[in-house]
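Asks: I am sharing coords.cif, which consists of mmCIF, C-alpha atoms:
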data_input
loop_
_atom_site.label_atom_id
_atom_site.label_comp_id
_atom_site.auth_asym_id
_atom_site.auth_seq_id
_atom_site.Cartn_x
_atom_site.Cartn_y
_atom_site.Cartn_z
CA MET N 1 17.71 -13.20 17.75
CA ASN N 2 15.10 -14.42 15.30
CA VAL N 3 16.07 -12.98 11.93
CA VAL N 4 14.15 -13.09 8.63
CA ILE N 5 16.17 -12.35 5.50
CA MET N 6 14.62 -11.57 2.10
CA GLY N 7 16.84 -12.48 -0.85
CA CYS N 8 19.37 -15.30 -0.98
CA GLY N 9 21.89 -13.77 -3.36
CA ARG N 10 25.58 -13.61 -2.53
CA VAL N 11 25.10 -11.02 0.19
CA GLY N 12 21.94 -12.60 1.63
CA ALA N 13 23.52 -16.06 1.76
CA ALA N 14 26.70 -14.73 3.37
CA VAL N 15 24.82 -12.77 6.04
CA ALA N 16 22.53 -15.75 6.73
CA GLY N 17 25.57 -18.02 7.16
CA ARG N 18 27.29 -15.57 9.43
CA LEU N 19 24.24 -14.94 11.65
CA GLY N 20 23.60 -18.69 11.83
CA ALA N 21 27.19 -19.31 12.93
CA GLU N 22 26.77 -16.66 15.61
CA GLY N 23 23.85 -18.64 17.04
CA HIS N 24 20.89 -16.65 15.69
CA ARG N 25 17.78 -18.34 14.31
CA VAL N 26 17.63 -17.44 10.63
CA THR N 27 14.87 -17.87 8.03
CA ILE N 28 15.79 -16.81 4.51
CA LEU N 29 13.34 -16.22 1.62
CA ASP N 30 13.98 -16.25 -2.08
CA THR N 31 11.63 -16.52 -5.07
CA ASP N 32 14.05 -18.98 -6.70
CA ALA N 33 14.79 -22.29 -4.92
CA TYR N 34 18.11 -22.52 -6.77
CA ALA N 35 19.36 -19.50 -4.78
CA PHE N 36 19.67 -21.59 -1.62
CA HIS N 37 22.70 -23.45 -3.05
CA ARG N 38 24.68 -20.30 -2.11
CA LEU N 39 24.11 -20.98 1.61
CA PRO N 40 27.06 -22.55 3.45
CA SER N 41 26.77 -26.34 3.75
CA ASN N 42 26.55 -26.17 7.55
CA PHE N 43 23.70 -23.60 7.50
CA GLY N 44 21.24 -24.61 10.21
CA GLY N 45 18.42 -22.15 9.42
CA ARG N 46 15.38 -22.40 7.18
CA GLY N 47 15.07 -21.54 3.49
CA LEU N 48 11.59 -20.77 2.11
CA VAL N 49 10.65 -20.24 -1.54
CA GLY N 50 8.50 -17.14 -1.95
CA SER N 51 8.42 -13.36 -2.10
CA GLY N 52 9.33 -11.31 0.96
CA THR N 53 6.88 -8.59 -0.07
CA ASP N 54 3.98 -11.03 0.29
CA ASN N 55 2.19 -11.06 3.67
CA THR N 56 1.42 -14.77 3.54
CA MET N 57 5.08 -15.64 2.91
CA LEU N 58 6.32 -13.27 5.60
CA GLU N 59 3.93 -14.87 8.09
CA ALA N 60 5.08 -18.36 7.07
CA ALA N 61 8.65 -17.18 7.68
CA GLY N 62 7.73 -16.25 11.24
CA ILE N 63 7.77 -12.48 10.81
CA ARG N 64 5.52 -12.04 13.85
CA GLU N 65 8.16 -13.57 16.12
CA ALA N 66 11.13 -11.93 14.38
CA ASP N 67 13.45 -9.50 16.15
CA ALA N 68 15.02 -8.31 12.91
CA PHE N 69 14.31 -8.26 9.17
CA ILE N 70 16.87 -7.67 6.42
CA ALA N 71 15.79 -6.93 2.82
CA LEU N 72 18.51 -7.94 0.34
CA ALA N 73 16.54 -8.71 -2.83
CA THR N 74 17.34 -7.20 -6.23
CA GLY N 75 15.01 -4.20 -6.47
CA ASP N 76 15.32 -1.16 -4.20
CA ASN N 77 11.58 -0.58 -4.11
CA ARG N 78 10.71 -4.16 -3.18
CA ASN N 79 13.29 -4.05 -0.41
CA ILE N 80 11.90 -0.77 0.92
CA LEU N 81 8.31 -2.06 0.73
CA ALA N 82 9.19 -5.29 2.56
CA ALA N 83 11.26 -3.58 5.28
CA GLN N 84 8.54 -1.00 5.96
CA LYS N 85 5.94 -3.78 6.07
CA ALA N 86 8.06 -5.73 8.61
CA LYS N 87 8.40 -2.61 10.73
CA HIS N 88 4.94 -1.07 10.48
CA VAL N 89 2.60 -4.03 9.87
CA TYR N 90 4.37 -6.72 11.92
CA GLY N 91 6.13 -4.55 14.49
CA VAL N 92 9.61 -6.00 13.90
CA ALA N 93 12.01 -3.94 16.05
CA ILE N 94 14.86 -3.71 13.54
CA ALA N 95 14.17 -3.52 9.79
CA VAL N 96 17.11 -3.14 7.43
CA SER N 97 16.98 -2.53 3.68
CA ARG N 98 19.68 -2.45 1.06
CA VAL N 99 18.97 0.53 -1.22
CA LYS N 100 21.32 0.90 -4.19
CA ASP N 101 20.25 4.47 -5.01
CA PRO N 102 22.19 6.60 -2.45
CA LEU N 103 19.58 9.39 -2.35
CA ARG N 104 16.69 6.98 -1.77
CA SER N 105 18.80 5.20 0.86
CA GLU N 106 19.29 8.46 2.72
CA LEU N 107 15.62 9.46 2.50
CA PHE N 108 14.21 6.14 3.74
CA GLY N 109 16.88 5.98 6.44
CA ARG N 110 15.10 8.99 7.93
CA LEU N 111 11.67 7.32 7.69
CA GLY N 112 11.94 4.55 10.29
CA ILE N 113 13.92 1.75 8.66
CA ARG N 114 17.70 1.28 8.61
CA THR N 115 19.25 1.52 5.17
CA PHE N 116 22.64 1.23 3.52
CA SER N 117 23.71 1.98 -0.03
CA PRO N 118 26.21 -0.47 -1.61
CA THR N 119 26.66 2.07 -4.41
CA ARG N 120 27.98 4.70 -2.04
CA ILE N 121 30.09 2.19 -0.10
CA GLY N 122 31.48 0.75 -3.36
CA ALA N 123 32.32 4.18 -4.76
CA ASP N 124 34.09 5.17 -1.53
CA LEU N 125 36.07 1.90 -1.53
CA ALA N 126 37.01 2.21 -5.20
CA HIS N 127 38.28 5.71 -4.54
CA ASP N 128 40.22 4.72 -1.42
CA VAL N 129 41.77 1.63 -3.01
CA LEU N 130 42.92 3.76 -5.95
CA PHE N 131 45.02 5.92 -3.65
CA SER N 132 45.92 3.26 -1.08
CA GLY N 133 49.32 2.54 -2.70
CA GLU N 134 50.57 6.08 -2.25
CA MET S 135 -2.35 22.46 -11.41
CA TYR S 136 0.80 20.42 -12.06
CA ILE S 137 0.13 16.67 -12.03
CA ILE S 138 2.74 13.92 -12.28
CA VAL S 139 1.62 10.41 -13.19
CA VAL S 140 4.12 7.58 -12.64
CA GLY S 141 3.37 4.52 -14.78
CA GLY S 142 2.34 4.52 -18.42
CA GLY S 143 0.55 1.17 -18.46
CA VAL S 144 -3.16 0.73 -19.13
CA VAL S 145 -4.16 2.78 -16.07
CA GLY S 146 -1.61 5.57 -16.58
CA HIS S 147 -2.48 5.81 -20.26
CA GLY S 148 -6.18 6.13 -19.46
CA ILE S 149 -5.53 8.82 -16.86
CA ALA S 150 -3.34 10.74 -19.33
CA LEU S 151 -6.11 10.80 -21.93
CA GLU S 152 -8.69 11.98 -19.37
CA LEU S 153 -6.38 14.69 -18.05
CA GLN S 154 -5.62 15.88 -21.56
CA ALA S 155 -9.33 16.49 -22.05
CA LEU S 156 -9.36 18.64 -18.90
CA ALA S 157 -7.64 21.67 -20.33
CA GLY S 158 -5.55 23.96 -18.17
CA HIS S 159 -3.48 21.43 -16.23
CA GLU S 160 0.16 20.66 -16.76
CA VAL S 161 0.71 16.91 -16.82
CA THR S 162 3.84 14.76 -16.92
CA ILE S 163 3.61 11.01 -17.49
CA VAL S 164 6.65 9.05 -16.30
CA GLU S 165 7.30 5.64 -17.85
CA ALA S 166 10.29 3.48 -16.93
CA ASP S 167 10.28 1.28 -20.03
CA GLY S 168 11.96 3.07 -22.96
CA ARG S 169 9.97 1.42 -25.71
CA ARG S 170 6.66 1.94 -23.99
CA ALA S 171 7.59 5.58 -23.30
CA ALA S 172 8.43 6.19 -26.98
CA GLN S 173 5.15 4.60 -28.05
CA LEU S 174 3.14 6.75 -25.59
CA ARG S 175 5.03 9.85 -26.65
CA GLU S 176 4.03 9.26 -30.24
CA GLU S 177 0.39 8.92 -29.27
CA ILE S 178 0.02 11.50 -26.49
CA GLY S 179 2.94 13.86 -27.07
CA GLU S 180 5.65 15.74 -25.23
CA MET S 181 4.17 15.22 -21.78
CA VAL S 182 5.50 11.63 -21.69
CA VAL S 183 8.96 11.29 -20.15
CA HIS S 184 11.15 8.19 -20.00
CA GLY S 185 12.60 7.62 -16.53
CA ASP S 186 12.42 5.99 -13.10
CA GLY S 187 9.64 7.65 -11.12
CA THR S 188 11.04 6.34 -7.83
CA GLU S 189 14.47 7.90 -8.27
CA VAL S 190 15.07 11.09 -6.29
CA ALA S 191 17.32 12.76 -8.89
CA PHE S 192 14.91 12.03 -11.74
CA LEU S 193 11.89 13.30 -9.81
CA GLU S 194 13.80 16.48 -9.10
CA ALA S 195 14.49 16.90 -12.82
CA VAL S 196 10.77 16.69 -13.70
CA GLY S 197 9.92 19.38 -11.14
CA THR S 198 8.33 17.30 -8.40
CA ASP S 199 8.98 20.13 -5.93
CA ARG S 200 6.29 22.23 -7.64
CA CYS S 201 3.89 19.31 -8.18
CA ASP S 202 0.33 19.69 -6.77
CA LEU S 203 -0.83 16.12 -7.26
CA PHE S 204 1.40 13.06 -7.56
CA ILE S 205 -0.11 9.80 -8.83
CA ALA S 206 1.64 6.40 -8.95
CA VAL S 207 -0.18 3.70 -10.90
CA THR S 208 2.37 1.09 -11.96
CA ALA S 209 1.67 -2.64 -11.57
CA ASP S 210 4.34 -2.81 -8.83
CA ASP S 211 3.25 -1.91 -5.29
CA GLY S 212 6.83 -1.31 -4.18
CA ALA S 213 7.35 1.27 -6.91
CA ASN S 214 4.01 2.98 -6.20
CA LEU S 215 4.67 3.23 -2.47
CA VAL S 216 8.27 4.42 -2.84
CA ALA S 217 7.38 6.97 -5.55
CA CYS S 218 4.66 8.51 -3.34
CA GLN S 219 6.88 8.52 -0.24
CA VAL S 220 9.71 10.21 -2.15
CA ALA S 221 7.25 12.80 -3.51
CA LYS S 222 5.77 13.41 -0.06
CA HIS S 223 8.87 13.35 2.16
CA GLY S 224 11.52 14.39 -0.35
CA PHE S 225 9.62 17.10 -2.22
CA ASN S 226 6.73 18.03 0.11
CA VAL S 227 4.03 17.23 -2.44
CA ARG S 228 0.73 17.91 -0.74
CA ARG S 229 -1.40 15.19 -2.32
CA THR S 230 -0.26 11.73 -3.31
CA LEU S 231 -2.36 8.93 -4.73
CA ALA S 232 -1.28 5.33 -5.29
CA ARG S 233 -2.69 2.30 -7.00
CA VAL S 234 -2.57 -0.72 -4.67
CA ASN S 235 -2.31 -4.01 -6.54
CA ASP S 236 -2.33 -6.25 -3.46
CA PRO S 237 -5.32 -5.03 -1.40
CA ARG S 238 -3.58 -6.17 1.79
CA ASN S 239 -1.08 -3.34 1.27
CA GLU S 240 -3.72 -0.60 1.46
CA ASP S 241 -3.45 0.07 5.21
CA LEU S 242 0.36 0.16 5.06
CA PHE S 243 0.28 2.71 2.22
CA ARG S 244 -2.07 4.99 4.14
CA LYS S 245 -0.08 4.62 7.35
CA LEU S 246 3.09 5.66 5.50
CA GLY S 247 1.65 8.91 4.20
CA VAL S 248 0.01 8.07 0.88
CA ASP S 249 -3.09 10.32 0.92
CA SER S 250 -5.37 8.20 -1.25
CA THR S 251 -5.23 4.62 -2.42
CA ILE S 252 -7.07 2.86 -5.20
CA SER S 253 -7.46 -0.90 -5.19
CA ALA S 254 -9.14 -2.51 -8.17
CA ALA S 255 -9.72 -5.72 -6.22
CA ARG S 256 -11.39 -3.84 -3.39
CA ALA S 257 -13.53 -1.73 -5.74
CA VAL S 258 -14.79 -4.84 -7.52
CA MET S 259 -15.44 -6.59 -4.18
CA ALA S 260 -17.50 -3.62 -2.97
CA GLN S 261 -19.65 -3.89 -6.10
CA ILE S 262 -20.08 -7.64 -5.60
CA GLU S 263 -20.94 -7.22 -1.91
CA ALA S 264 -23.44 -4.47 -2.66
CA THR S 265 -25.45 -6.88 -4.81
CA LEU S 266 -25.49 -9.63 -2.18
CA PRO S 267 -28.58 -9.49 0.05
CA GLU S 268 -26.44 -10.43 3.07
CA HIS S 269 -24.12 -7.47 2.65
CA THR S 270 -23.79 -5.40 5.81
CA VAL S 271 -21.16 -2.66 6.07
CA ILE S 272 -19.35 -1.80 2.84
CA PRO S 273 -16.74 0.95 2.80
CA LEU S 274 -17.35 3.30 -0.15
CA MET S 275 -14.76 5.96 0.52
CA TYR S 276 -12.08 6.90 3.03
CA LEU S 277 -12.03 10.58 3.98
CA GLU S 278 -8.59 12.07 3.95
CA GLY S 279 -6.93 13.45 7.05
CA SER S 280 -9.35 11.62 9.36
CA ASP S 281 -10.38 8.11 10.31
CA LEU S 282 -13.86 8.75 8.92
CA ARG S 283 -15.28 6.68 6.11
CA VAL S 284 -18.43 6.66 4.03
CA VAL S 285 -20.15 3.29 4.24
CA ASP S 286 -23.11 1.57 2.68
CA LEU S 287 -25.34 -0.45 5.04
CA ARG S 288 -28.45 -2.55 4.57
CA LEU S 289 -30.88 -3.21 7.41
CA GLN S 290 -31.28 -6.92 8.10
CA GLU S 291 -34.20 -8.86 9.55
CA GLY S 292 -34.07 -8.42 13.35
CA ALA S 293 -31.99 -5.25 13.21
CA PRO S 294 -32.27 -3.19 16.43
CA ALA S 295 -32.37 -0.07 14.23
CA ALA S 296 -35.50 -1.17 12.30
CA GLY S 297 -38.83 0.47 13.05
CA LYS S 298 -37.31 3.32 15.03
CA PRO S 299 -36.85 6.98 14.15
CA ILE S 300 -33.20 7.93 13.64
CA LYS S 301 -33.20 10.28 16.61
CA ASP S 302 -33.91 7.34 18.95
CA LEU S 303 -31.03 5.22 17.69
CA GLN S 304 -27.96 4.71 19.85
CA LEU S 305 -25.55 5.76 17.13
CA PRO S 306 -21.80 5.72 17.76
CA ALA S 307 -20.17 9.14 18.26
CA GLN S 308 -19.21 11.05 15.10
CA THR S 309 -21.70 9.04 13.05
CA LEU S 310 -24.05 10.64 10.54
CA ILE S 311 -26.74 8.89 8.54
CA SER S 312 -26.72 11.01 5.41
CA LEU S 313 -28.93 9.11 2.95
CA VAL S 314 -31.66 6.50 3.16
CA ILE S 315 -32.55 4.52 0.05
CA ASP S 316 -35.81 2.54 0.02
CA GLY S 317 -38.31 1.51 -2.63
CA ASN S 318 -39.04 5.17 -3.35
CA GLY S 319 -35.43 6.05 -4.05
CA PRO S 320 -32.88 8.03 -2.06
CA ARG S 321 -33.77 10.79 0.38
CA VAL S 322 -31.97 12.83 3.04
CA PRO S 323 -33.40 11.68 6.39
CA GLY S 324 -34.43 13.79 9.34
CA GLY S 325 -34.50 12.81 13.01
CA ASP S 326 -38.05 11.47 12.59
CA THR S 327 -37.26 9.28 9.59
CA VAL S 328 -37.96 5.65 10.45
CA LEU S 329 -35.66 2.96 9.09
CA HIS S 330 -37.10 -0.32 7.83
CA VAL S 331 -35.71 -3.77 7.14
CA GLY S 332 -34.27 -3.82 3.60
CA ASP S 333 -33.48 -0.07 3.55
CA GLU S 334 -30.07 0.89 2.31
CA VAL S 335 -28.30 3.58 4.30
CA ILE S 336 -25.29 5.71 3.37
CA ALA S 337 -23.51 6.91 6.52
CA VAL S 338 -20.33 8.64 7.61
CA ILE S 339 -18.74 6.69 10.47
CA PRO S 340 -15.39 6.61 12.31
CA ALA S 341 -13.28 3.50 11.68
CA ASP S 342 -13.83 2.11 15.17
CA ALA S 343 -17.62 2.37 14.93
CA GLU S 344 -17.91 -0.24 12.20
CA GLU S 345 -18.71 -3.18 14.49
CA GLN S 346 -21.24 -1.16 16.48
CA MET S 347 -23.01 -0.15 13.25
CA ARG S 348 -22.92 -3.72 12.02
CA GLU S 349 -24.67 -4.82 15.21
CA LEU S 350 -27.29 -2.06 14.89
CA ILE S 351 -28.28 -3.11 11.39
CA THR S 352 -27.94 -6.88 11.72
CA GLY S 353 -28.76 -7.52 15.37
CA LEU S 354 -25.84 -9.91 15.43
CA PRO S 355 -23.08 -9.42 18.00
CA LEU S 356 -19.47 -8.79 17.07
CA GLY S 357 -17.98 -11.41 14.79
CA ALA S 358 -21.21 -13.35 14.30
CA SER S 359 -21.91 -12.04 10.80
CA SER S 360 -19.82 -12.17 7.70
CA SER S 361 -20.30 -9.72 4.85
CA VAL S 362 -19.34 -12.37 2.30
CA PRO S 363 -20.57 -15.94 2.68
CA ASP S 364 -17.60 -18.26 2.59
CA GLY S 365 -19.36 -20.85 0.45
CA ARG S 366 -18.47 -23.83 2.58
#
Please re-express this file's structure in structure tokens.
Replies:
Amino acid sequence: MNVVIMGCGRVGAAVAGRLGAEGHRVTILDTDAYAFHRLPSNFGGRGLVGSGTDNTMLEAAGIREADAFIALATGDNRNILAAQKAKHVYGVAIAVSRVKDPLRSELFGRLGIRTFSPTRIGADLAHDVLFSGE
Amino acid sequence: MYIIVVGGGVVGHGIALELQALAGHEVTIVEADGRRAAQLREEIGEMVVHGDGTEVAFLEAVGTDRCDLFIAVTADDGANLVACQVAKHGFNVRRTLARVNDPRNEDLFRKLGVDSTISAARAVMAQIEATLPEHTVIPLMYLEGSDLRVVDLRLQEGAPAAGKPIKDLQLPAQTLISLVIDGNGPRVPGGDTVLHVGDEVIAVIPADAEEQMRELITGLPLGASSSVPDGR
């Protein structure tokens, strides 16, 4: 698959590395060039400096040929904007967005993009780990 | 009417003052920055609330479910789009309006259910284009719930539409020439009104008729004319 990832934080870099190792063609965007140091040293994909909400940048990243887009930047709203743009402007088949707010995650998950809420997952894990010793 | 305005920047502040003057409406201004919210509250009063206008729980707390008009005018397109979508799909608000900072986002906003969009860049461009003699088809307004738009046209030298009465023109379907402006000022045309080179015309046209109208008033085939000279 051709995959475009927005946001090269810890999660973005880890997913990019993993998809690359699985043989997918990955392009990852971040507004800060320094972020790319998080990528694994054997990462074979492309890193581009720029915003994933910007049409020009998305096009430079090959969004028109992408099979999937994953939004993993800091702000929920930017992620949602970018994922919906990938889906509805560029026709990307699979658009995923991280949405920290669980309610917003649920709502936009019903509106055509795939979402997940790390807040909800983290709370569930914290709860389960608390009782896991019993 | 209950109106919620998300964003207390220059635009939101201006809207709040105008709405205050229109007595009889209940207005809530939502500002995410605490200091800015406190400052606005001091100036405008109780109607200013500090909070995140894109957050479902917060919007519920300010009564978005009984809101008649929801307006998002922050400087962040992501926030404006998400706020309007949450209002529309989470709370069934009938009318939503968003400021679009990047004009390229306008179509996406409308496709995703934002009822009206306002783009400062596009509004200024329309004014600039209207003063250029080469201007051809300028969108003035998009009509909600349809693909119709109100456009401003100017008849060019060699236009197939020039010198003919309106009733003899091969107008695209669903098209209405509603106003003709010439040296004598604006008038509502009839079927016998003859258009001349240099006349300005205000028309209602469907989105897909734009190129056909452009050809009628310029005489140039599709793609041969540009509404803004590129300066090269």
Asks: Could you tell me how far CA of Ile300 (chain S) lies from CA of Pro323 (chain S), in Å and to one decimal?
Replies: 8.2 Å
Asks: Name the closest residue to Arg98 (chain N) among the candidates N:Gly62, N:Gly23, N:Gly44, N:Gly7; distances are taken between atoms, counting all atoms listed in the file.
Replies: N:Gly7
Asks: If we count all atoms listed in the file, which residues of chain N reach to within 9 Å of chain S? Please list them as a list in words.
Replies: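 That gives the following set of residues: Thr53, Asp54, Asn55, Gly75, Asp76, Asn77, Arg78, Asn79, Ile80, Leu81, Ala82, Gln84, Lys85, His88, Val89, Asp101, Leu103, Arg104, Leu107, Phe108 and Leu111 of chain N.
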Asks: Figure out the distance between CA of His127 (chain N) and CA of Cys8 (chain N), please, to one decimal in Å.
Replies: 28.5 Å
Asks: Exactly which residues make up the result of the PyMOL selection byres ((chain S and resi 344) around 12) on this file, given as a PyMOL selection string?
Replies: chain S and resi 270-273+281-287+305-309+337-343+345-351+356-357
Asks: For Lys222 (chain S), please output as an mmCIF file with C-alpha atoms, keeping the file's coordinate frame all residues within 8 Å (counting all atoms listed in the file; exclusion window: fewer than 5 positions along the same chain).
Replies:
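Heads up, here's the output in around_28.cif:
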data_model
loop_
_atom_site.group_PDB
_atom_site.id
_atom_site.type_symbol
_atom_site.label_atom_id
_atom_site.label_comp_id
_atom_site.auth_asym_id
_atom_site.auth_seq_id
_atom_site.Cartn_x
_atom_site.Cartn_y
_atom_site.Cartn_z
ATOM 1 C CA VAL S 227 4.030 17.230 -2.440
ATOM 2 C CA ARG S 228 0.730 17.910 -0.740
ATOM 3 C CA ARG S 229 -1.400 15.190 -2.320
ATOM 4 C CA THR S 230 -0.260 11.730 -3.310
ATOM 5 C CA GLY S 247 1.650 8.910 4.200
ATOM 6 C CA VAL S 248 0.010 8.070 0.880
#
Asks: Using the chain letters and numbering of this document, enumerate as number ranges by chain the residues selected by the PyMOL selection byres ((chain N and resi 28-33) around 7).
Replies: N: 4-8, 26-27, 34-36, 46-52
Asks: Output the selection as a PDB file, in the coordinates of the input - C-alpha atoms for each residue.
Replies:
ATOM      1  CA  VAL N   4      14.150 -13.090   8.630  1.00  0.00           C
ATOM      2  CA  ILE N   5      16.170 -12.350   5.500  1.00  0.00           C
ATOM      3  CA  MET N   6      14.620 -11.570   2.100  1.00  0.00           C
ATOM      4  CA  GLY N   7      16.840 -12.480  -0.850  1.00  0.00           C
ATOM      5  CA  CYS N   8      19.370 -15.300  -0.980  1.00  0.00           C
ATOM      6  CA  VAL N  26      17.630 -17.440  10.630  1.00  0.00           C
ATOM      7  CA  THR N  27      14.870 -17.870   8.030  1.00  0.00           C
ATOM      8  CA  TYR N  34      18.110 -22.520  -6.770  1.00  0.00           C
ATOM      9  CA  ALA N  35      19.360 -19.500  -4.780  1.00  0.00           C
ATOM     10  CA  PHE N  36      19.670 -21.590  -1.620  1.00  0.00           C
ATOM     11  CA  ARG N  46      15.380 -22.400   7.180  1.00  0.00           C
ATOM     12  CA  GLY N  47      15.070 -21.540   3.490  1.00  0.00           C
ATOM     13  CA  LEU N  48      11.590 -20.770   2.110  1.00  0.00           C
ATOM     14  CA  VAL N  49      10.650 -20.240  -1.540  1.00  0.00           C
ATOM     15  CA  GLY N  50       8.500 -17.140  -1.950  1.00  0.00           C
ATOM     16  CA  SER N  51       8.420 -13.360  -2.100  1.00  0.00           C
ATOM     17  CA  GLY N  52       9.330 -11.310   0.960  1.00  0.00           C
TER      18      GLY N  52
END
Asks: Would you compute the distance between CA of Gly20 (chain N) and CA of Gly122 (chain N)? Give it in Å to one decimal.
Replies: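 These atoms are spaced 25.9 Å apart.
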Asks: Around (11.2, -12.5, 15.0) in the file's frame, which residues reach within 9 Å when counting only C-alpha atoms? Return as number ranges by chain?
Replies: N: 1-4, 25, 62-69, 92-93
Asks: When you count only C-alpha atoms, which of these residues is closest to Ser105 (chain N): N:Thr74, N:Ser132, N:Ser117, N:Asn42?
Replies: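 Once distances to Ser105 (chain N) are computed over only C-alpha atoms, the minimum belongs to N:Ser117.
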Asks: Could you tell me which residues the PyMOL selection byres ((chain S and resi 232) around 8) returns for this structure, as a PyMOL selection string?
Replies: chain S and resi 205-207+214-215+218+230-231+233-234+248+250-252
Asks: Using C-alpha atoms, can you export the residues from the last selection as a compact mmCIF listing (two decimals), in the frame of the given file?
Replies:
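Result file is selection-v2.txt:
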# COMPACT_ATOMS: atom_id res chain seq x y z
CA ILE S 205 -0.11 9.80 -8.83
CA ALA S 206 1.64 6.40 -8.95
CA VAL S 207 -0.18 3.70 -10.90
CA ASN S 214 4.01 2.98 -6.20
CA LEU S 215 4.67 3.23 -2.47
CA CYS S 218 4.66 8.51 -3.34
CA THR S 230 -0.26 11.73 -3.31
CA LEU S 231 -2.36 8.93 -4.73
CA ARG S 233 -2.69 2.30 -7.00
CA VAL S 234 -2.57 -0.72 -4.67
CA VAL S 248 0.01 8.07 0.88
CA SER S 250 -5.37 8.20 -1.25
CA THR S 251 -5.23 4.62 -2.42
CA ILE S 252 -7.07 2.86 -5.20
